[in-house]
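Asker: Contents are compact mmCIF, C-alpha atoms; file name input_30.txt:
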```txt
# COMPACT_ATOMS: atom_id res chain seq x y z
CA MET A 1 57.85 135.84 98.90
CA LYS A 2 59.28 133.53 96.25
CA ALA A 3 62.80 134.36 97.37
CA ILE A 4 61.97 133.56 101.00
CA ILE A 5 60.48 130.19 100.05
CA THR A 6 63.53 129.41 97.90
CA ILE A 7 65.90 130.31 100.74
CA LEU A 8 63.92 128.16 103.18
CA LEU A 9 63.93 125.24 100.75
CA GLY A 10 67.65 125.79 100.11
CA THR A 11 68.35 125.75 103.85
CA LEU A 12 66.45 122.47 104.15
CA LEU A 13 68.54 121.02 101.32
CA LEU A 14 71.72 122.02 103.17
CA SER A 15 71.28 118.99 105.40
CA ALA A 16 72.65 117.02 102.45
CA CYS A 17 75.67 119.33 102.23
CA THR A 18 78.26 117.60 104.38
CA THR A 19 81.79 116.27 104.23
CA VAL A 20 82.58 112.58 104.64
CA GLU A 21 85.09 112.37 107.48
CA PRO A 22 88.22 110.19 107.05
CA TRP A 23 86.91 107.61 109.56
CA GLU A 24 83.60 107.31 107.68
CA ARG A 25 85.08 106.17 104.39
CA GLY A 26 84.63 102.44 104.89
CA ILE A 27 82.10 102.05 102.10
CA LEU A 28 84.02 104.35 99.77
CA ALA A 29 87.13 102.24 100.34
CA ARG A 30 85.47 99.08 99.01
CA ASP A 31 86.90 97.66 95.78
CA ASP A 32 83.55 97.83 94.00
CA MET A 33 83.33 101.55 94.77
CA ALA A 34 86.48 102.32 92.78
CA LEU A 35 86.01 104.24 89.54
CA ASP A 36 88.41 101.82 87.90
CA PHE A 37 87.90 98.57 89.78
CA ASP A 38 89.40 96.22 87.21
CA ALA A 39 92.75 97.58 86.02
CA SER A 40 93.44 94.81 83.46
CA MET A 41 89.97 95.16 81.90
CA SER A 42 90.26 98.92 81.57
CA GLY A 43 93.76 98.48 80.09
CA LEU A 44 92.28 96.19 77.43
CA GLN A 45 89.43 98.61 76.74
CA GLN A 46 91.95 101.39 76.38
CA GLN A 47 93.92 99.30 73.86
CA VAL A 48 90.79 98.61 71.78
CA TYR A 49 89.74 102.26 71.97
CA ILE A 50 93.05 103.70 70.78
CA SER A 51 93.37 101.18 67.94
CA LYS A 52 89.81 101.88 66.74
CA GLU A 53 90.35 105.61 66.98
CA ALA A 54 93.86 105.33 65.51
CA ALA A 55 94.88 107.85 68.09
CA SER A 56 97.58 106.44 70.31
CA GLY A 57 98.39 108.71 73.21
CA SER A 58 95.04 110.44 73.02
CA ALA A 59 94.08 109.28 76.49
CA GLY A 60 96.24 110.08 79.46
CA LEU A 61 99.91 110.17 78.60
CA GLY A 62 100.71 112.11 75.51
CA GLY A 63 103.96 112.67 73.78
CA GLY A 64 105.96 115.79 74.32
CA GLY A 65 105.21 117.05 70.86
CA CYS A 66 108.04 115.11 69.20
CA GLY A 67 105.58 113.12 67.06
CA CYS A 68 107.33 109.88 67.97
CA ASN A 69 104.40 107.88 69.33
CA MET B 1 68.51 137.41 87.87
CA ARG B 2 69.68 139.30 90.95
CA PRO B 3 67.73 137.35 93.60
CA LEU B 4 68.97 134.11 92.05
CA THR B 5 72.58 135.25 92.31
CA GLY B 6 71.95 136.19 95.95
CA ILE B 7 70.43 132.82 96.73
CA LEU B 8 73.27 130.99 95.02
CA THR B 9 75.86 133.03 96.94
CA TYR B 10 74.00 132.26 100.17
CA LEU B 11 73.91 128.53 99.44
CA PHE B 12 77.55 128.48 98.37
CA SER B 13 78.77 130.28 101.50
CA ALA B 14 76.57 128.10 103.73
CA CYS B 15 78.08 124.98 102.14
CA LEU B 16 81.59 126.37 102.67
CA LEU B 17 80.86 127.08 106.34
CA LEU B 18 79.47 123.60 106.86
CA SER B 19 82.56 122.01 105.36
CA LEU B 20 84.99 123.85 107.67
CA PRO B 21 87.05 121.52 109.87
CA PRO B 22 86.29 121.46 113.61
CA ALA B 23 88.18 124.06 115.62
CA HIS B 24 88.86 121.71 118.53
CA ALA B 25 91.19 119.25 116.75
CA ALA B 26 94.02 117.84 118.84
CA THR B 27 97.28 119.50 117.91
CA ALA B 28 100.75 119.42 119.41
CA TYR B 29 100.98 120.88 122.95
CA HIS B 30 97.23 120.72 123.49
CA GLN B 31 95.52 118.48 126.03
CA ALA B 32 94.55 115.16 124.46
CA PRO B 33 90.74 114.73 124.57
CA ASP B 34 89.78 112.11 127.15
CA PHE B 35 87.75 109.02 126.23
CA THR B 36 86.43 105.79 127.69
CA LEU B 37 86.12 102.96 125.17
CA THR B 38 85.64 99.20 125.28
CA ARG B 39 88.47 96.89 124.33
CA LEU B 40 88.12 94.80 121.20
CA ASN B 41 89.72 91.62 122.48
CA ALA B 42 88.84 91.84 126.18
CA ASN B 43 85.59 92.49 127.99
CA GLU B 44 86.61 95.73 129.72
CA SER B 45 86.89 99.42 129.04
CA LEU B 46 89.79 101.83 129.14
CA THR B 47 89.91 105.53 130.05
CA LEU B 48 92.75 107.63 128.69
CA SER B 49 93.01 109.83 131.80
CA ASN B 50 93.74 106.68 133.87
CA LEU B 51 97.02 106.46 131.98
CA THR B 52 98.25 109.89 133.13
CA GLY B 53 101.91 109.54 134.06
CA GLN B 54 102.63 107.30 131.10
CA TRP B 55 103.56 108.00 127.49
CA VAL B 56 100.79 106.92 125.13
CA TYR B 57 100.94 106.30 121.38
CA LEU B 58 97.35 106.57 120.15
CA ASP B 59 96.52 105.26 116.70
CA PHE B 60 93.24 105.45 114.75
CA TRP B 61 92.73 102.55 112.32
CA ALA B 62 90.04 100.74 110.34
CA SER B 63 89.78 97.32 108.71
CA TRP B 64 89.23 98.92 105.28
CA CYS B 65 92.30 101.16 105.55
CA ALA B 66 95.18 99.72 103.50
CA PRO B 67 98.10 101.55 105.19
CA CYS B 68 96.76 100.39 108.60
CA ARG B 69 97.69 96.82 107.61
CA LYS B 70 101.28 97.98 107.33
CA SER B 71 101.24 100.03 110.51
CA PHE B 72 100.27 97.09 112.75
CA PRO B 73 103.55 95.12 112.34
CA TRP B 74 105.44 98.36 112.91
CA MET B 75 103.48 99.10 116.12
CA ASN B 76 104.24 95.53 117.28
CA HIS B 77 107.90 96.26 116.60
CA LEU B 78 107.65 99.55 118.52
CA ALA B 79 105.95 97.76 121.44
CA SER B 80 108.75 95.18 121.57
CA GLN B 81 111.40 97.91 121.35
CA VAL B 82 110.22 100.10 124.20
CA GLY B 83 107.98 97.96 126.43
CA THR B 84 104.72 99.01 128.09
CA ASP B 85 106.55 100.59 131.06
CA THR B 86 107.83 103.31 128.74
CA LEU B 87 105.08 103.59 126.16
CA GLN B 88 101.49 102.34 126.02
CA ILE B 89 100.34 101.74 122.47
CA ILE B 90 96.58 102.08 122.03
CA ALA B 91 94.89 101.54 118.68
CA ILE B 92 91.28 102.68 118.24
CA GLY B 93 89.33 100.88 115.53
CA VAL B 94 86.66 103.06 113.92
CA ASP B 95 84.81 100.35 111.96
CA ASN B 96 81.02 100.55 112.03
CA ASN B 97 80.85 96.80 112.39
CA GLN B 98 82.73 95.18 115.27
CA LYS B 99 82.96 91.93 113.29
CA ASP B 100 85.07 93.67 110.62
CA ALA B 101 87.45 95.00 113.28
CA LEU B 102 87.77 91.56 114.93
CA GLN B 103 88.40 89.90 111.55
CA PHE B 104 91.15 92.43 110.90
CA LEU B 105 92.73 91.61 114.28
CA ASN B 106 92.60 87.88 113.45
CA LYS B 107 94.62 88.53 110.31
CA HIS B 108 96.90 91.22 111.72
CA GLN B 109 98.25 90.42 115.15
CA ALA B 110 98.26 93.29 117.64
CA ASN B 111 100.60 93.11 120.64
CA PHE B 112 99.05 96.24 122.09
CA ILE B 113 95.71 97.53 123.36
CA THR B 114 92.93 97.72 120.76
CA LEU B 115 89.73 99.69 121.41
CA TRP B 116 86.58 100.18 119.38
CA ASP B 117 84.63 103.36 118.63
CA ALA B 118 81.90 103.07 116.01
CA SER B 119 80.27 106.36 117.06
CA GLY B 120 82.99 108.56 115.56
CA VAL B 121 83.11 110.69 118.74
CA THR B 122 86.79 110.03 119.52
CA PRO B 123 88.20 110.56 116.00
CA SER B 124 86.05 113.69 115.78
CA ALA B 125 87.41 115.00 119.11
CA TYR B 126 90.97 114.43 117.86
CA GLY B 127 90.17 115.95 114.47
CA VAL B 128 91.49 112.93 112.59
CA LYS B 129 92.40 114.09 109.06
CA ALA B 130 93.71 110.86 107.59
CA MET B 131 93.56 107.11 108.17
CA PRO B 132 95.60 106.04 110.02
CA SER B 133 96.39 109.01 112.26
CA SER B 134 98.51 108.77 115.36
CA TYR B 135 99.16 110.95 118.39
CA LEU B 136 102.00 110.78 120.88
CA ILE B 137 100.70 111.86 124.30
CA ASP B 138 103.09 112.76 127.12
CA PRO B 139 102.66 111.76 130.81
CA LYS B 140 100.84 115.04 131.51
CA GLY B 141 98.24 114.21 128.86
CA ASN B 142 99.44 116.67 126.22
CA VAL B 143 99.69 115.78 122.54
CA ARG B 144 103.36 116.00 121.53
CA LEU B 145 103.32 114.61 118.01
CA VAL B 146 100.66 114.18 115.33
CA HIS B 147 101.40 111.81 112.46
CA LEU B 148 99.08 111.49 109.46
CA GLY B 149 98.96 108.32 107.38
CA PHE B 150 101.55 105.56 107.37
CA ARG B 151 104.25 104.99 104.77
CA ALA B 152 106.86 102.26 104.96
CA SER B 153 109.52 104.82 103.97
CA GLU B 154 108.74 106.93 107.04
CA LYS B 155 108.62 104.27 109.73
CA ASP B 156 112.27 104.41 110.80
CA ALA B 157 112.23 108.20 111.03
CA LEU B 158 108.95 108.09 112.96
CA GLU B 159 110.30 105.55 115.43
CA LYS B 160 113.44 107.62 115.93
CA LYS B 161 111.38 110.75 116.49
CA ILE B 162 109.06 109.07 119.01
CA LEU B 163 111.99 107.62 120.96
CA SER B 164 113.86 110.91 121.07
CA ILE B 165 110.77 112.84 122.23
CA ILE B 166 110.22 110.26 125.00
CA ALA B 167 113.89 110.47 125.96
CA GLY B 168 113.49 114.24 126.18
CA LYS B 169 116.16 114.79 123.54
CA GLU B 170 113.86 116.41 121.03
CA GLU B 171 111.00 118.85 121.13
CA SER B 172 108.07 117.86 118.95
```
Mind turning this structure into structure tokens?

Answerer:
Amino acid sequence: MKAIITILLGTLLLSACTTVEPWERGILARDDMALDFDASMSGLQQQVYISKEAASGSAGLGGGGCGCN
Amino acid sequence: MRPLTGILTYLFSACLLLSLPPAHAATAYHQAPDFTLTRLNANESLTLSNLTGQWVYLDFWASWCAPCRKSFPWMNHLASQVGTDTLQIIAIGVDNNQKDALQFLNKHQANFITLWDASGVTPSAYGVKAMPSSYLIDPKGNVRLVHLGFRASEKDALEKKILSIIAGKEES
């Protein structure tokens, strides 16, 4: 019985399981929807972070193992 | 634990099925889905099947789509190169808000027909996979070329390809 109820509930929840079509991405394309909407600000934050952590290259681009950065 | 695994498998496969692309997407050598839409800058509608006997370049665009801003000058260039006797260029705006589409047209001049479809029915019928997407439709109403996106580096090659398909020199 429990399993049947769970499946029924799960099927109801499937209405939320959909793909956003390419022509429906108007809101997603807005600047304020970007994960990184202010490139200069995040660059500055990155600079502060790596100097505080004393770990240059720890985020994103790393060296090739030559120990030169 | 077993029933839970079963339920999870069921939900996962149901999600996968729901996310499958439509099977009726317009592809090369298939009949282009017909539509009747209103024009954005004129108070009249246009039906694709009324243009049978003419080559049609159909483009899907939106005001929020960055590459579409670049494709408009190129479509103006294409229109001036070939003329409407040879090729009708039709651009369908898919904005939810007509005001956004009209604002876009104020900023980006369009020397071709612009239509509006906020319902999503037309892009869905064509199975649009990217913005912008364009379709070259031959005089019999068959799709001959599908082009996804718009990159400045591809525009010369695209123009060449369109012109050679129209001239009958190249198969799509």

Asker: Between CA of Gln103 (chain B) and CA of Arg69 (chain B), measure the distance and give it in Å to one decimal.

Answerer: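 Computing the Euclidean distance for CA of Gln103 (chain B) and CA of Arg69 (chain B) yields 12.2 Å.
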
Asker: Write out as number ranges by chain every residue belonging to chain A that has an atom at most 12 Å from any atom of chain B, counting only C-alpha atoms.

Answerer: A: 1-31

Asker: Between CA of Glu154 (chain B) and CA of Ser71 (chain B), what distance in Å does the model show, to one decimal?

Answerer: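 Going from CA of Glu154 (chain B) over to CA of Ser71 (chain B), I get 10.8 Å.
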
Asker: What does the structure give for the distance between CA of Leu46 (chain B) and CA of Leu136 (chain B), in Å to one decimal?

Answerer: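 The value is 17.2 Å.
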
Asker: Between B:Gln54, B:Asn43, B:Thr38, B:Asn106, which residue has the minimum interatomic distance to Thr86 (chain B), considering only C-alpha atoms?

Answerer: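 Residue with the minimum atom-to-atom distance to Thr86 (chain B): B:Gln54.
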
Asker: Would you list the contacts of Arg151 (chain B) as a PDB file with C-alpha atoms, in the coordinates of the input, taking every protein, DNA or RNA residue within 9 Å and counting all atoms listed in the file, but skipping same-chain residues closer than 2 positions in sequence?

Answerer:
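In the end it all went to result-v1.pdb:
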```
ATOM      1  CA  PRO B  67      98.100 101.550 105.190  1.00  0.00           C
ATOM      2  CA  LYS B  70     101.280  97.980 107.330  1.00  0.00           C
ATOM      3  CA  SER B  71     101.240 100.030 110.510  1.00  0.00           C
ATOM      4  CA  GLY B 149      98.960 108.320 107.380  1.00  0.00           C
ATOM      5  CA  SER B 153     109.520 104.820 103.970  1.00  0.00           C
ATOM      6  CA  GLU B 154     108.740 106.930 107.040  1.00  0.00           C
ATOM      7  CA  LYS B 155     108.620 104.270 109.730  1.00  0.00           C
TER       8      LYS B 155
END
```

Asker: Could you give me, as a PDB file with C-alpha atoms, in the coordinates of the input, the residues within 9 Å of Ala79 (chain B), counting only C-alpha atoms and dropping anything in the same chain fewer than 4 positions from it?

Answerer:
```
ATOM      1  CA  TRP B  74     105.440  98.360 112.910  1.00  0.00           C
ATOM      2  CA  MET B  75     103.480  99.100 116.120  1.00  0.00           C
ATOM      3  CA  GLY B  83     107.980  97.960 126.430  1.00  0.00           C
ATOM      4  CA  THR B  84     104.720  99.010 128.090  1.00  0.00           C
ATOM      5  CA  LEU B  87     105.080 103.590 126.160  1.00  0.00           C
ATOM      6  CA  GLN B  88     101.490 102.340 126.020  1.00  0.00           C
ATOM      7  CA  ILE B  89     100.340 101.740 122.470  1.00  0.00           C
ATOM      8  CA  ASN B 111     100.600  93.110 120.640  1.00  0.00           C
ATOM      9  CA  PHE B 112      99.050  96.240 122.090  1.00  0.00           C
TER      10      PHE B 112
END
```

Asker: Around the point (111.8, 110.1, 119.2) in the file's coordinates, collect all residues with an atom within 12 Å, using all atoms listed in the file, and return them as a list in words.

Answerer: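 The requested residues, written out, are Trp55, Tyr57, Leu78, Val82, Leu87, Leu136, Arg144, Leu145, Lys155, Asp156, Ala157, Leu158, Glu159, Lys160, Lys161, Ile162, Leu163, Ser164, Ile165, Ile166, Ala167, Gly168, Lys169, Glu170, Glu171 and Ser172 of chain B.
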
Asker: Can you fill out region 17-28 of chain A with all heavy atoms and hand it back as a PDB file, keeping the file's coordinate frame?

Answerer:
```
ATOM      1  N   CYS A  17      74.388 118.710 102.572  1.00  0.00           N
ATOM      2  CA  CYS A  17      75.670 119.330 102.230  1.00  0.00           C
ATOM      3  C   CYS A  17      76.650 119.054 103.366  1.00  0.00           C
ATOM      4  O   CYS A  17      76.724 119.799 104.330  1.00  0.00           O
ATOM      5  CB  CYS A  17      75.427 120.823 102.067  1.00  0.00           C
ATOM      6  SG  CYS A  17      76.774 121.748 101.404  1.00  0.00           S
ATOM      7  N   THR A  18      77.367 117.966 103.286  1.00  0.00           N
ATOM      8  CA  THR A  18      78.260 117.600 104.380  1.00  0.00           C
ATOM      9  C   THR A  18      79.527 116.951 103.846  1.00  0.00           C
ATOM     10  O   THR A  18      79.549 116.495 102.708  1.00  0.00           O
ATOM     11  CB  THR A  18      77.535 116.660 105.362  1.00  0.00           C
ATOM     12  OG1 THR A  18      78.433 116.311 106.403  1.00  0.00           O
ATOM     13  CG2 THR A  18      77.028 115.405 104.685  1.00  0.00           C
ATOM     14  N   THR A  19      80.557 116.935 104.668  1.00  0.00           N
ATOM     15  CA  THR A  19      81.790 116.270 104.230  1.00  0.00           C
ATOM     16  C   THR A  19      81.838 114.879 104.847  1.00  0.00           C
ATOM     17  O   THR A  19      81.358 114.674 105.950  1.00  0.00           O
ATOM     18  CB  THR A  19      83.035 117.045 104.683  1.00  0.00           C
ATOM     19  OG1 THR A  19      82.864 117.388 106.056  1.00  0.00           O
ATOM     20  CG2 THR A  19      83.258 118.297 103.875  1.00  0.00           C
ATOM     21  N   VAL A  20      82.399 113.932 104.109  1.00  0.00           N
ATOM     22  CA  VAL A  20      82.580 112.580 104.640  1.00  0.00           C
ATOM     23  C   VAL A  20      83.917 112.578 105.382  1.00  0.00           C
ATOM     24  O   VAL A  20      84.954 112.862 104.789  1.00  0.00           O
ATOM     25  CB  VAL A  20      82.573 111.530 103.512  1.00  0.00           C
ATOM     26  CG1 VAL A  20      82.717 110.137 104.075  1.00  0.00           C
ATOM     27  CG2 VAL A  20      81.300 111.640 102.708  1.00  0.00           C
ATOM     28  N   GLU A  21      83.870 112.326 106.679  1.00  0.00           N
ATOM     29  CA  GLU A  21      85.090 112.370 107.480  1.00  0.00           C
ATOM     30  C   GLU A  21      85.982 111.165 107.147  1.00  0.00           C
ATOM     31  O   GLU A  21      85.479 110.131 106.695  1.00  0.00           O
ATOM     32  CB  GLU A  21      84.724 112.339 108.972  1.00  0.00           C
ATOM     33  CG  GLU A  21      83.854 113.500 109.411  1.00  0.00           C
ATOM     34  CD  GLU A  21      84.572 114.846 109.355  1.00  0.00           C
ATOM     35  OE1 GLU A  21      85.793 114.870 109.133  1.00  0.00           O
ATOM     36  OE2 GLU A  21      83.902 115.874 109.547  1.00  0.00           O
ATOM     37  N   PRO A  22      87.297 111.284 107.415  1.00  0.00           N
ATOM     38  CA  PRO A  22      88.220 110.190 107.050  1.00  0.00           C
ATOM     39  C   PRO A  22      87.826 108.843 107.669  1.00  0.00           C
ATOM     40  O   PRO A  22      88.036 107.809 107.048  1.00  0.00           O
ATOM     41  CB  PRO A  22      89.564 110.656 107.594  1.00  0.00           C
ATOM     42  CG  PRO A  22      89.460 112.119 107.704  1.00  0.00           C
ATOM     43  CD  PRO A  22      88.019 112.439 107.964  1.00  0.00           C
ATOM     44  N   TRP A  23      87.250 108.869 108.899  1.00  0.00           N
ATOM     45  CA  TRP A  23      86.910 107.610 109.560  1.00  0.00           C
ATOM     46  C   TRP A  23      85.569 107.051 109.087  1.00  0.00           C
ATOM     47  O   TRP A  23      85.135 106.000 109.532  1.00  0.00           O
ATOM     48  CB  TRP A  23      86.920 107.776 111.082  1.00  0.00           C
ATOM     49  CG  TRP A  23      85.970 108.809 111.582  1.00  0.00           C
ATOM     50  CD1 TRP A  23      84.676 108.610 111.953  1.00  0.00           C
ATOM     51  CD2 TRP A  23      86.223 110.207 111.766  1.00  0.00           C
ATOM     52  NE1 TRP A  23      84.114 109.803 112.338  1.00  0.00           N
ATOM     53  CE2 TRP A  23      85.030 110.793 112.250  1.00  0.00           C
ATOM     54  CE3 TRP A  23      87.343 111.021 111.574  1.00  0.00           C
ATOM     55  CZ2 TRP A  23      84.936 112.155 112.536  1.00  0.00           C
ATOM     56  CZ3 TRP A  23      87.235 112.366 111.863  1.00  0.00           C
ATOM     57  CH2 TRP A  23      86.060 112.924 112.337  1.00  0.00           C
ATOM     58  N   GLU A  24      84.892 107.778 108.181  1.00  0.00           N
ATOM     59  CA  GLU A  24      83.600 107.310 107.680  1.00  0.00           C
ATOM     60  C   GLU A  24      83.685 106.766 106.259  1.00  0.00           C
ATOM     61  O   GLU A  24      82.672 106.625 105.594  1.00  0.00           O
ATOM     62  CB  GLU A  24      82.586 108.474 107.697  1.00  0.00           C
ATOM     63  CG  GLU A  24      82.296 109.031 109.066  1.00  0.00           C
ATOM     64  CD  GLU A  24      81.502 110.324 109.021  1.00  0.00           C
ATOM     65  OE1 GLU A  24      81.517 111.009 107.967  1.00  0.00           O
ATOM     66  OE2 GLU A  24      80.887 110.667 110.026  1.00  0.00           O
ATOM     67  N   ARG A  25      84.914 106.521 105.801  1.00  0.00           N
ATOM     68  CA  ARG A  25      85.080 106.170 104.390  1.00  0.00           C
ATOM     69  C   ARG A  25      85.157 104.677 104.123  1.00  0.00           C
ATOM     70  O   ARG A  25      85.727 104.244 103.129  1.00  0.00           O
ATOM     71  CB  ARG A  25      86.312 106.892 103.828  1.00  0.00           C
ATOM     72  CG  ARG A  25      86.053 108.387 103.801  1.00  0.00           C
ATOM     73  CD  ARG A  25      87.168 109.195 103.237  1.00  0.00           C
ATOM     74  NE  ARG A  25      86.841 110.617 103.451  1.00  0.00           N
ATOM     75  CZ  ARG A  25      87.709 111.592 103.408  1.00  0.00           C
ATOM     76  NH1 ARG A  25      88.972 111.338 103.147  1.00  0.00           N
ATOM     77  NH2 ARG A  25      87.341 112.828 103.609  1.00  0.00           N
ATOM     78  N   GLY A  26      84.588 103.891 105.030  1.00  0.00           N
ATOM     79  CA  GLY A  26      84.630 102.440 104.890  1.00  0.00           C
ATOM     80  C   GLY A  26      83.974 101.956 103.614  1.00  0.00           C
ATOM     81  O   GLY A  26      84.528 101.119 102.899  1.00  0.00           O
ATOM     82  N   ILE A  27      82.816 102.496 103.297  1.00  0.00           N
ATOM     83  CA  ILE A  27      82.100 102.050 102.100  1.00  0.00           C
ATOM     84  C   ILE A  27      82.811 102.556 100.846  1.00  0.00           C
ATOM     85  O   ILE A  27      82.970 101.831  99.866  1.00  0.00           O
ATOM     86  CB  ILE A  27      80.622 102.503 102.148  1.00  0.00           C
ATOM     87  CG1 ILE A  27      79.907 101.737 103.273  1.00  0.00           C
ATOM     88  CG2 ILE A  27      79.910 102.266 100.821  1.00  0.00           C
ATOM     89  CD1 ILE A  27      78.520 102.210 103.592  1.00  0.00           C
ATOM     90  N   LEU A  28      83.303 103.795 100.923  1.00  0.00           N
ATOM     91  CA  LEU A  28      84.020 104.350  99.770  1.00  0.00           C
ATOM     92  C   LEU A  28      85.303 103.584  99.484  1.00  0.00           C
ATOM     93  O   LEU A  28      85.788 103.574  98.347  1.00  0.00           O
ATOM     94  CB  LEU A  28      84.353 105.825 100.023  1.00  0.00           C
ATOM     95  CG  LEU A  28      83.180 106.792  99.987  1.00  0.00           C
ATOM     96  CD1 LEU A  28      83.628 108.168 100.422  1.00  0.00           C
ATOM     97  CD2 LEU A  28      82.601 106.869  98.576  1.00  0.00           C
TER      98      LEU A  28
END
```
